[in-house]
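Student: Input file: protein-v1.cif. Contents: mmCIF, C-alpha atoms.
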data_coords
loop_
_atom_site.group_PDB
_atom_site.id
_atom_site.type_symbol
_atom_site.label_atom_id
_atom_site.label_comp_id
_atom_site.auth_asym_id
_atom_site.auth_seq_id
_atom_site.Cartn_x
_atom_site.Cartn_y
_atom_site.Cartn_z
ATOM 1 C CA MET W 1 43.498 94.735 45.057
ATOM 2 C CA SER W 2 40.045 94.712 43.409
ATOM 3 C CA ASP W 3 37.643 91.816 43.908
ATOM 4 C CA SER W 4 37.803 90.867 40.217
ATOM 5 C CA GLN W 5 41.617 90.787 40.264
ATOM 6 C CA GLU W 6 41.597 88.663 43.412
ATOM 7 C CA ILE W 7 39.135 86.199 41.865
ATOM 8 C CA LYS W 8 41.226 85.992 38.688
ATOM 9 C CA GLU W 9 44.387 85.216 40.650
ATOM 10 C CA ARG W 10 42.585 82.589 42.693
ATOM 11 C CA VAL W 11 41.302 80.923 39.533
ATOM 12 C CA GLU W 12 44.823 80.855 38.101
ATOM 13 C CA GLN W 13 46.129 79.319 41.325
ATOM 14 C CA ASP W 14 43.428 76.651 41.236
ATOM 15 C CA LEU W 15 44.270 75.762 37.629
ATOM 16 C CA LYS W 16 47.960 75.520 38.527
ATOM 17 C CA ALA W 17 46.984 73.173 41.356
ATOM 18 C CA LEU W 18 45.220 70.929 38.821
ATOM 19 C CA THR W 19 48.394 70.800 36.725
ATOM 20 C CA ALA W 20 50.393 69.874 39.826
ATOM 21 C CA PHE W 21 47.799 67.204 40.604
ATOM 22 C CA GLU W 22 48.376 65.557 37.233
ATOM 23 C CA ARG W 23 52.154 65.628 37.763
ATOM 24 C CA GLU W 24 51.834 63.875 41.109
ATOM 25 C CA VAL W 25 49.689 61.067 39.705
ATOM 26 C CA ASP W 26 52.216 60.720 36.857
ATOM 27 C CA LYS W 27 54.779 59.640 39.452
ATOM 28 C CA VAL W 28 52.912 56.379 40.010
ATOM 29 C CA ILE W 29 50.667 55.771 37.008
ATOM 30 C CA ILE W 30 52.186 55.298 33.563
ATOM 31 C CA GLY W 31 49.898 56.233 30.694
ATOM 32 C CA GLN W 32 46.077 56.238 30.965
ATOM 33 C CA GLN W 33 45.994 60.045 30.634
ATOM 34 C CA GLN W 34 42.506 60.078 29.145
ATOM 35 C CA VAL W 35 41.151 57.820 31.893
ATOM 36 C CA ARG W 36 42.581 60.103 34.557
ATOM 37 C CA LYS W 37 41.222 63.178 32.836
ATOM 38 C CA GLU W 38 37.720 61.702 32.683
ATOM 39 C CA LEU W 39 37.795 60.679 36.348
ATOM 40 C CA LEU W 40 38.994 64.121 37.423
ATOM 41 C CA ALA W 41 36.271 65.765 35.336
ATOM 42 C CA GLY W 42 33.686 63.501 36.915
ATOM 43 C CA MET W 43 34.824 64.446 40.404
ATOM 44 C CA LEU W 44 34.825 68.175 39.660
ATOM 45 C CA ALA W 45 31.421 67.894 37.970
ATOM 46 C CA GLY W 46 29.990 66.637 41.257
ATOM 47 C CA GLY W 47 29.127 63.115 40.166
ATOM 48 C CA HIS W 48 30.411 59.598 40.655
ATOM 49 C CA GLY W 49 32.333 57.346 38.318
ATOM 50 C CA LEU W 50 32.209 53.777 37.092
ATOM 51 C CA LEU W 51 35.523 52.307 35.973
ATOM 52 C CA GLU W 52 35.514 49.097 33.983
ATOM 53 C CA GLY W 53 38.463 46.925 33.113
ATOM 54 C CA VAL W 54 39.868 43.447 33.521
ATOM 55 C CA PRO W 55 41.934 42.669 36.658
ATOM 56 C CA GLY W 56 45.553 43.765 36.784
ATOM 57 C CA LEU W 57 45.313 47.189 35.118
ATOM 58 C CA ALA W 58 46.097 49.200 38.295
ATOM 59 C CA LYS W 59 42.563 50.518 38.796
ATOM 60 C CA THR W 60 42.925 50.520 42.584
ATOM 61 C CA LEU W 61 46.371 52.133 42.473
ATOM 62 C CA LEU W 62 45.070 54.857 40.162
ATOM 63 C CA VAL W 63 42.198 55.783 42.468
ATOM 64 C CA LYS W 64 44.341 55.708 45.605
ATOM 65 C CA SER W 65 46.983 57.906 43.953
ATOM 66 C CA MET W 66 44.339 60.450 42.965
ATOM 67 C CA ALA W 67 43.014 60.573 46.524
ATOM 68 C CA GLU W 68 46.506 61.086 47.972
ATOM 69 C CA ALA W 69 47.352 63.893 45.556
ATOM 70 C CA ALA W 70 43.987 65.529 46.255
ATOM 71 C CA GLY W 71 44.509 65.364 50.022
ATOM 72 C CA LEU W 72 41.214 63.561 50.564
ATOM 73 C CA SER W 73 40.301 60.903 53.082
ATOM 74 C CA PHE W 74 40.230 57.557 51.324
ATOM 75 C CA ASN W 75 38.531 54.237 51.992
ATOM 76 C CA ARG W 76 38.395 51.106 49.927
ATOM 77 C CA ILE W 77 35.686 48.457 50.065
ATOM 78 C CA GLN W 78 36.289 45.090 48.450
ATOM 79 C CA PHE W 79 32.868 43.967 47.291
ATOM 80 C CA THR W 80 32.140 40.277 47.786
ATOM 81 C CA PRO W 81 29.001 38.112 47.452
ATOM 82 C CA ASP W 82 28.475 38.106 51.238
ATOM 83 C CA LEU W 83 28.887 41.866 51.787
ATOM 84 C CA MET W 84 25.938 43.443 53.641
ATOM 85 C CA PRO W 85 24.640 47.052 53.408
ATOM 86 C CA SER W 86 25.675 47.668 57.032
ATOM 87 C CA ASP W 87 29.263 46.780 56.106
ATOM 88 C CA ILE W 88 29.218 49.879 53.890
ATOM 89 C CA LEU W 89 26.929 52.355 55.640
ATOM 90 C CA GLY W 90 27.596 51.545 59.313
ATOM 91 C CA THR W 91 25.564 50.108 62.166
ATOM 92 C CA GLU W 92 24.414 50.783 65.718
ATOM 93 C CA VAL W 93 26.288 49.175 68.600
ATOM 94 C CA LEU W 94 25.406 48.971 72.273
ATOM 95 C CA HIS W 95 27.507 51.382 74.332
ATOM 96 C CA GLU W 96 27.798 51.506 78.126
ATOM 97 C CA ASP W 97 28.797 54.753 79.850
ATOM 98 C CA ALA W 98 31.866 54.208 82.029
ATOM 99 C CA VAL W 99 30.498 56.396 84.861
ATOM 100 C CA SER W 100 26.706 56.088 84.874
ATOM 101 C CA LYS W 101 26.682 52.536 83.492
ATOM 102 C CA GLU W 102 23.775 53.581 81.303
ATOM 103 C CA ARG W 103 23.457 51.728 78.054
ATOM 104 C CA SER W 104 22.506 53.226 74.727
ATOM 105 C CA PHE W 105 22.915 52.543 71.044
ATOM 106 C CA ARG W 106 25.442 54.551 69.090
ATOM 107 C CA PHE W 107 25.875 54.724 65.358
ATOM 108 C CA VAL W 108 29.295 53.602 64.183
ATOM 109 C CA LYS W 109 30.010 55.046 60.755
ATOM 110 C CA GLY W 110 30.960 52.693 57.972
ATOM 111 C CA PRO W 111 33.705 53.106 55.373
ATOM 112 C CA ILE W 112 31.393 55.141 53.127
ATOM 113 C CA PHE W 113 32.153 58.159 55.340
ATOM 114 C CA ALA W 114 35.185 59.307 53.381
ATOM 115 C CA ASN W 115 35.810 61.955 50.733
ATOM 116 C CA PHE W 116 36.998 59.386 48.233
ATOM 117 C CA LEU W 117 35.536 55.888 48.274
ATOM 118 C CA LEU W 118 36.742 53.087 46.055
ATOM 119 C CA ALA W 119 33.998 50.496 45.608
ATOM 120 C CA ASP W 120 36.195 47.742 44.244
ATOM 121 C CA GLU W 121 34.473 45.201 41.982
ATOM 122 C CA ILE W 122 30.971 46.456 42.701
ATOM 123 C CA ASN W 123 29.521 43.824 40.402
ATOM 124 C CA ARG W 124 30.777 41.082 42.727
ATOM 125 C CA THR W 125 28.084 41.838 45.313
ATOM 126 C CA PRO W 126 24.302 41.207 45.154
ATOM 127 C CA PRO W 127 21.863 43.959 44.058
ATOM 128 C CA LYS W 128 20.674 44.677 47.628
ATOM 129 C CA THR W 129 24.125 45.849 48.688
ATOM 130 C CA GLN W 130 24.675 47.671 45.395
ATOM 131 C CA ALA W 131 21.418 49.565 45.955
ATOM 132 C CA ALA W 132 22.475 50.661 49.464
ATOM 133 C CA LEU W 133 25.616 52.247 48.065
ATOM 134 C CA LEU W 134 23.821 53.930 45.173
ATOM 135 C CA GLU W 135 21.165 55.404 47.482
ATOM 136 C CA ALA W 136 23.864 57.084 49.558
ATOM 137 C CA MET W 137 25.433 58.379 46.339
ATOM 138 C CA GLN W 138 22.189 59.978 45.260
ATOM 139 C CA GLU W 139 21.062 61.442 48.585
ATOM 140 C CA GLY W 140 24.414 62.545 49.994
ATOM 141 C CA HIS W 141 23.604 61.136 53.405
ATOM 142 C CA VAL W 142 22.990 57.886 55.254
ATOM 143 C CA THR W 143 19.784 57.271 57.181
ATOM 144 C CA TYR W 144 19.912 54.821 60.084
ATOM 145 C CA GLY W 145 17.457 54.452 62.927
ATOM 146 C CA GLY W 146 15.457 57.422 61.659
ATOM 147 C CA LYS W 147 18.462 59.755 61.815
ATOM 148 C CA LYS W 148 20.371 61.309 58.937
ATOM 149 C CA TYR W 149 24.149 61.290 58.873
ATOM 150 C CA GLU W 150 25.646 63.640 56.292
ATOM 151 C CA LEU W 151 28.443 62.349 54.109
ATOM 152 C CA PRO W 152 31.613 64.468 53.864
ATOM 153 C CA LYS W 153 32.107 67.058 51.144
ATOM 154 C CA PRO W 154 33.528 66.633 48.631
ATOM 155 C CA PHE W 155 32.238 63.084 48.255
ATOM 156 C CA PHE W 156 33.252 60.986 45.275
ATOM 157 C CA ILE W 157 32.632 57.295 44.696
ATOM 158 C CA LEU W 158 34.532 55.429 42.057
ATOM 159 C CA ALA W 159 33.178 51.942 41.529
ATOM 160 C CA THR W 160 35.255 49.462 39.577
ATOM 161 C CA GLN W 161 33.864 46.438 37.845
ATOM 162 C CA ASN W 162 35.140 43.615 35.729
ATOM 163 C CA PRO W 163 33.567 43.114 32.309
ATOM 164 C CA ILE W 164 30.128 41.553 32.700
ATOM 165 C CA GLU W 165 31.000 38.464 30.701
ATOM 166 C CA GLN W 166 33.221 37.230 33.522
ATOM 167 C CA ALA W 167 31.802 34.564 35.824
ATOM 168 C CA GLY W 168 30.509 35.288 39.327
ATOM 169 C CA THR W 169 29.285 38.823 38.770
ATOM 170 C CA PHE W 170 26.012 40.688 39.322
ATOM 171 C CA PRO W 171 25.792 43.294 36.546
ATOM 172 C CA LEU W 172 24.401 46.645 37.671
ATOM 173 C CA PRO W 173 20.833 47.234 36.421
ATOM 174 C CA GLU W 174 20.483 49.978 33.834
ATOM 175 C CA ALA W 175 18.539 52.209 36.243
ATOM 176 C CA GLN W 176 21.457 52.063 38.673
ATOM 177 C CA THR W 177 24.248 52.562 36.159
ATOM 178 C CA ASP W 178 22.419 55.711 35.036
ATOM 179 C CA ARG W 179 23.121 57.171 38.484
ATOM 180 C CA PHE W 180 26.817 57.241 37.677
ATOM 181 C CA LEU W 181 27.791 60.491 36.011
ATOM 182 C CA ILE W 182 30.429 58.834 33.842
ATOM 183 C CA LYS W 183 31.629 55.394 32.885
ATOM 184 C CA THR W 184 35.293 55.079 31.969
ATOM 185 C CA VAL W 185 36.828 52.006 30.392
ATOM 186 C CA ILE W 186 40.467 51.266 31.134
ATOM 187 C CA ASP W 187 42.231 49.200 28.500
ATOM 188 C CA TYR W 188 45.554 47.417 28.295
ATOM 189 C CA PRO W 189 48.585 49.735 28.142
ATOM 190 C CA THR W 190 50.358 50.345 24.876
ATOM 191 C CA GLU W 191 53.513 48.379 24.137
ATOM 192 C CA GLN W 192 55.721 51.340 25.099
ATOM 193 C CA GLU W 193 53.768 52.059 28.300
ATOM 194 C CA GLU W 194 54.019 48.433 29.388
ATOM 195 C CA LEU W 195 57.773 48.448 28.770
ATOM 196 C CA GLU W 196 58.111 51.633 30.854
ATOM 197 C CA LEU W 197 56.097 49.977 33.616
ATOM 198 C CA TYR W 198 58.487 47.020 33.826
ATOM 199 C CA ALA W 199 61.506 49.332 33.727
ATOM 200 C CA SER W 200 60.131 51.390 36.613
ATOM 201 C CA LEU W 201 60.191 48.361 38.919
ATOM 202 C CA ALA W 202 63.967 48.695 39.238
ATOM 203 C CA LYS W 203 63.718 52.339 40.263
ATOM 204 C CA LYS W 204 62.886 53.919 43.579
ATOM 205 C CA GLN W 205 59.246 54.963 43.558
ATOM 206 C CA ASP W 206 58.555 58.637 44.227
ATOM 207 C CA SER W 207 56.050 59.367 46.979
ATOM 208 C CA ILE W 208 52.956 61.361 46.089
ATOM 209 C CA SER W 209 52.642 64.821 47.591
ATOM 210 C CA GLN W 210 49.356 66.489 48.457
ATOM 211 C CA VAL W 211 48.724 69.405 46.089
ATOM 212 C CA LEU W 212 44.976 69.905 46.595
ATOM 213 C CA ASP W 213 42.662 69.989 49.588
ATOM 214 C CA GLU W 214 38.938 69.948 50.336
ATOM 215 C CA GLU W 215 38.625 73.726 50.103
ATOM 216 C CA VAL W 216 40.256 73.920 46.663
ATOM 217 C CA ILE W 217 38.235 70.997 45.297
ATOM 218 C CA ASN W 218 34.935 72.410 46.562
ATOM 219 C CA ARG W 219 35.872 75.759 45.019
ATOM 220 C CA LEU W 220 36.721 74.100 41.704
ATOM 221 C CA LYS W 221 33.368 72.316 41.735
ATOM 222 C CA GLU W 222 31.683 75.708 41.957
ATOM 223 C CA ARG W 223 33.908 77.027 39.162
ATOM 224 C CA VAL W 224 32.676 74.222 36.895
ATOM 225 C CA LYS W 225 29.114 75.537 37.176
ATOM 226 C CA GLU W 226 30.325 78.989 36.070
ATOM 227 C CA VAL W 227 31.821 77.743 32.788
ATOM 228 C CA PHE W 228 29.762 79.283 29.979
ATOM 229 C CA VAL W 229 27.842 76.973 27.626
ATOM 230 C CA PRO W 230 26.898 78.705 24.321
ATOM 231 C CA GLU W 231 23.386 78.283 22.995
ATOM 232 C CA GLU W 232 24.570 76.288 19.982
ATOM 233 C CA GLN W 233 26.289 73.762 22.271
ATOM 234 C CA LEU W 234 23.145 73.359 24.357
ATOM 235 C CA SER W 235 21.169 72.805 21.156
ATOM 236 C CA TYR W 236 23.686 70.220 19.981
ATOM 237 C CA VAL W 237 23.401 68.222 23.224
ATOM 238 C CA HIS W 238 19.612 68.404 23.062
ATOM 239 C CA ARG W 239 19.467 67.093 19.481
ATOM 240 C CA ALA W 240 22.174 64.475 20.044
ATOM 241 C CA VAL W 241 20.557 62.977 23.144
ATOM 242 C CA ARG W 242 17.151 62.788 21.440
ATOM 243 C CA SER W 243 18.733 61.142 18.404
ATOM 244 C CA THR W 244 19.727 58.131 20.560
ATOM 245 C CA ARG W 245 16.058 57.209 21.109
ATOM 246 C CA PRO W 246 14.522 54.752 18.618
ATOM 247 C CA GLU W 247 11.317 56.809 18.411
ATOM 248 C CA SER W 248 13.309 59.810 17.154
ATOM 249 C CA GLY W 249 13.043 58.624 13.555
ATOM 250 C CA ASN W 250 16.819 58.256 13.252
ATOM 251 C CA GLU W 251 17.272 55.233 10.970
ATOM 252 C CA ALA W 252 20.699 54.324 12.399
ATOM 253 C CA CYS W 253 19.245 54.505 15.905
ATOM 254 C CA LYS W 254 16.280 52.249 15.025
ATOM 255 C CA ARG W 255 18.685 49.608 13.795
ATOM 256 C CA TRP W 256 21.462 49.732 16.384
ATOM 257 C CA ILE W 257 19.849 50.925 19.651
ATOM 258 C CA SER W 258 17.087 49.274 21.691
ATOM 259 C CA TRP W 259 16.676 52.187 24.123
ATOM 260 C CA GLY W 260 18.363 55.542 24.362
ATOM 261 C CA ALA W 261 19.492 58.216 26.788
ATOM 262 C CA GLY W 262 17.151 60.287 28.951
ATOM 263 C CA PRO W 263 17.320 63.934 30.042
ATOM 264 C CA ARG W 264 19.715 63.062 32.871
ATOM 265 C CA ALA W 265 22.246 62.103 30.204
ATOM 266 C CA GLY W 266 22.024 65.561 28.656
ATOM 267 C CA ILE W 267 22.530 67.241 32.030
ATOM 268 C CA ALA W 268 25.526 65.006 32.742
ATOM 269 C CA TRP W 269 26.970 65.679 29.276
ATOM 270 C CA ILE W 270 26.873 69.442 29.777
ATOM 271 C CA ARG W 271 28.314 69.272 33.293
ATOM 272 C CA VAL W 272 31.195 66.970 32.312
ATOM 273 C CA ALA W 273 31.974 69.165 29.297
ATOM 274 C CA GLN W 274 32.117 72.173 31.628
ATOM 275 C CA ALA W 275 34.567 70.298 33.866
ATOM 276 C CA LEU W 276 36.726 69.273 30.894
ATOM 277 C CA ALA W 277 36.776 72.876 29.725
ATOM 278 C CA LEU W 278 37.920 74.066 33.146
ATOM 279 C CA VAL W 279 40.614 71.387 33.376
ATOM 280 C CA SER W 280 41.938 72.564 29.995
ATOM 281 C CA GLY W 281 41.981 76.163 31.245
ATOM 282 C CA SER W 282 38.926 77.401 29.356
ATOM 283 C CA TYR W 283 35.832 79.139 30.703
ATOM 284 C CA VAL W 284 33.737 78.385 27.607
ATOM 285 C CA VAL W 285 32.492 74.974 26.491
ATOM 286 C CA GLU W 286 33.567 74.252 22.927
ATOM 287 C CA GLN W 287 32.567 71.456 20.577
ATOM 288 C CA SER W 288 35.796 69.595 21.345
ATOM 289 C CA HIS W 289 34.786 69.397 25.024
ATOM 290 C CA LEU W 290 31.391 67.962 24.098
ATOM 291 C CA ASP W 291 33.029 65.422 21.790
ATOM 292 C CA GLU W 292 35.412 64.373 24.556
ATOM 293 C CA ALA W 293 32.587 64.020 27.103
ATOM 294 C CA MET W 294 30.218 62.139 24.796
ATOM 295 C CA LEU W 295 31.476 58.573 25.263
ATOM 296 C CA PRO W 296 32.002 58.496 29.071
ATOM 297 C CA VAL W 297 28.577 60.080 29.583
ATOM 298 C CA LEU W 298 26.533 58.044 27.093
ATOM 299 C CA ARG W 299 28.187 54.626 26.882
ATOM 300 C CA HIS W 300 26.315 53.294 29.943
ATOM 301 C CA ARG W 301 23.040 55.058 29.172
ATOM 302 C CA VAL W 302 22.406 53.519 25.756
ATOM 303 C CA ARG W 303 21.564 49.854 25.162
ATOM 304 C CA LEU W 304 22.611 48.282 21.876
ATOM 305 C CA SER W 305 20.085 46.260 19.923
ATOM 306 C CA MET W 306 20.441 42.512 19.489
ATOM 307 C CA GLU W 307 21.380 43.120 15.855
ATOM 308 C CA ALA W 308 24.233 45.437 16.859
ATOM 309 C CA GLU W 309 25.497 43.011 19.484
ATOM 310 C CA GLY W 310 25.200 40.109 17.049
ATOM 311 C CA GLU W 311 27.376 41.954 14.553
ATOM 312 C CA GLY W 312 29.937 42.747 17.248
ATOM 313 C CA MET W 313 29.508 46.498 17.032
ATOM 314 C CA LYS W 314 31.041 48.671 19.733
ATOM 315 C CA ILE W 315 29.133 51.371 21.597
ATOM 316 C CA ARG W 316 31.614 54.002 20.377
ATOM 317 C CA GLU W 317 30.918 53.126 16.745
ATOM 318 C CA VAL W 318 27.158 53.139 17.243
ATOM 319 C CA LEU W 319 27.072 56.490 19.059
ATOM 320 C CA GLN W 320 29.261 58.157 16.462
ATOM 321 C CA GLU W 321 27.054 56.816 13.665
ATOM 322 C CA VAL W 322 23.780 57.755 15.353
ATOM 323 C CA ILE W 323 24.815 61.254 16.463
ATOM 324 C CA ALA W 324 26.474 62.048 13.142
#
For the file at hand, write its structure as structure tokens.

Tutor:
Amino acid sequence: MSDSQEIKERVEQDLKALTAFEREVDKVIIGQQQVRKELLAGMLAGGHGLLEGVPGLAKTLLVKSMAEAAGLSFNRIQFTPDLMPSDILGTEVLHEDAVSKERSFRFVKGPIFANFLLADEINRTPPKTQAALLEAMQEGHVTYGGKKYELPKPFFILATQNPIEQAGTFPLPEAQTDRFLIKTVIDYPTEQEELELYASLAKKQDSISQVLDEEVINRLKERVKEVFVPEEQLSYVHRAVRSTRPESGNEACKRWISWGAGPRAGIAWIRVAQALALVSGSYVVEQSHLDEAMLPVLRHRVRLSMEAEGEGMKIREVLQEVIA
């Protein structure tokens, strides 16, 4: 068998594994297909995700189900106002050798050392602890006592947060939210989906089977980078990102946006579009992939003006108006 034929067959197998992955998550989660697609694209694009929604929408169950189907180690941290950075990263403890009786400090890894970490209600903890998590996200390792401890690969953090208008929260600063590749908003289920959810309670729940593993996911992450982005799509992203900045001369932007997206947003937009293309079985980024990636990539990187907020405008409406 030629190398090209072998690569083609492997790609087809990987894409079939993604389809199987979606089927497994379907066993537990009813609806929310777009949310799941965005989270999967974020993971394959090599970034981290922010998931926002009110309590009771199965955010934790969704993330845990994805980790099980992907065959990844999973940890969950419930963020609280008294959570310390060491509770996430780990700490050194005094250890005594059973034979020599010599004492030394050893680093005990925290829950962040997992392939898939659910940072539940990240906006319930103070900025100091939020910053410790986000630093590990950016660097890919934890530094303690002058030593570096590499985080596992693949490594994906999904942080959930309640809407910022709820009491007792510490909203993430804009500079920190920008570190998240995507922000996905989970809404209430449709009437039919909610009815199906209640009906499923009387049925025996199917267990989730592992259909992916670390090797396949790491390979898929490399495949994402190989997805071709035509010149006209690159030009579109470039012009669209610049149009979100008030100094661009865009009249809609001057009115509705106080500050816009930076170059990191454009990089994230292209990478997520590549991942969405791969998930759909394509090796070329099309305009539909860019349109689908636009909102999860830009919604947390653009700040609405006071006028837009006063008129109750939504970020989706503003972005569509500005980029149009």

Student: For W:Ile323, which of W:Lys16, W:Lys147, W:Arg245, W:Lys37 is the closest residue, counting only C-alpha atoms?

Tutor: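 So, comparing all the options, the nearest one is W:Arg245.
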
Student: Residues picked by the PyMOL selection byres ((chain W and resi 152) around 8) here, as an NGL selection string?

Tutor: :W and (113-115 or 150-151 or 153-155)

Student: Identify all residues satisfying the PyMOL selection byres ((chain W and resi 18) around 12) in the given file; provide them as a PyMOL selection string.

Tutor: chain W and resi 11-17+19-25+36-37+40-41+44+66+69-70+210-213+216-217+220+275-276+278-281

Student: Apply the PyMOL selection byres ((chain W and resi 261) around 6) to the displayed file and report the matching residues as JSON, numbers by chain.

Tutor: {"W": [260, 262, 265, 301, 302]}

Student: Which neighbours of W:Arg255 fall inside 10 Å, counting only C-alpha atoms, when residues of the same chain fewer than 6 positions from it are skipped, and could you give them as a list in words?

Tutor: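 Those residues are Pro246, Leu304, Ser305, Met306, Glu307, Ala308, Val318 and Val322 of chain W.
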
Student: Show me, as a CSV table (one decimal) with C-alpha atoms, in the frame of the given file, the residues that have an atom within 10 Å of W:Arg271 when counting all atoms listed in the file, minus same-chain residues fewer than 5 positions from it.

Tutor:
chain,number,residue,atom,x,y,z
W,41,ALA,CA,36.3,65.8,35.3
W,42,GLY,CA,33.7,63.5,36.9
W,44,LEU,CA,34.8,68.2,39.7
W,45,ALA,CA,31.4,67.9,38.0
W,46,GLY,CA,30.0,66.6,41.3
W,47,GLY,CA,29.1,63.1,40.2
W,181,LEU,CA,27.8,60.5,36.0
W,224,VAL,CA,32.7,74.2,36.9
W,225,LYS,CA,29.1,75.5,37.2
W,227,VAL,CA,31.8,77.7,32.8
W,229,VAL,CA,27.8,77.0,27.6
W,265,ALA,CA,22.2,62.1,30.2
W,266,GLY,CA,22.0,65.6,28.7
W,276,LEU,CA,36.7,69.3,30.9
W,277,ALA,CA,36.8,72.9,29.7
W,285,VAL,CA,32.5,75.0,26.5
W,290,LEU,CA,31.4,68.0,24.1
W,293,ALA,CA,32.6,64.0,27.1
W,297,VAL,CA,28.6,60.1,29.6

Student: Provide the atom CA of W:Leu158 to atom CA of W:Pro171 distance in Å, to one decimal place.

Tutor: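 So the two atoms, atom CA of W:Leu158 and atom CA of W:Pro171, lie 15.9 Å apart.
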
Student: If you measure from atom CA of W:Lys64 to atom CA of W:Glu193, what distance in Å do you get, rounded to one decimal?

Tutor: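 Interatomic distance here is 20.0 Å.
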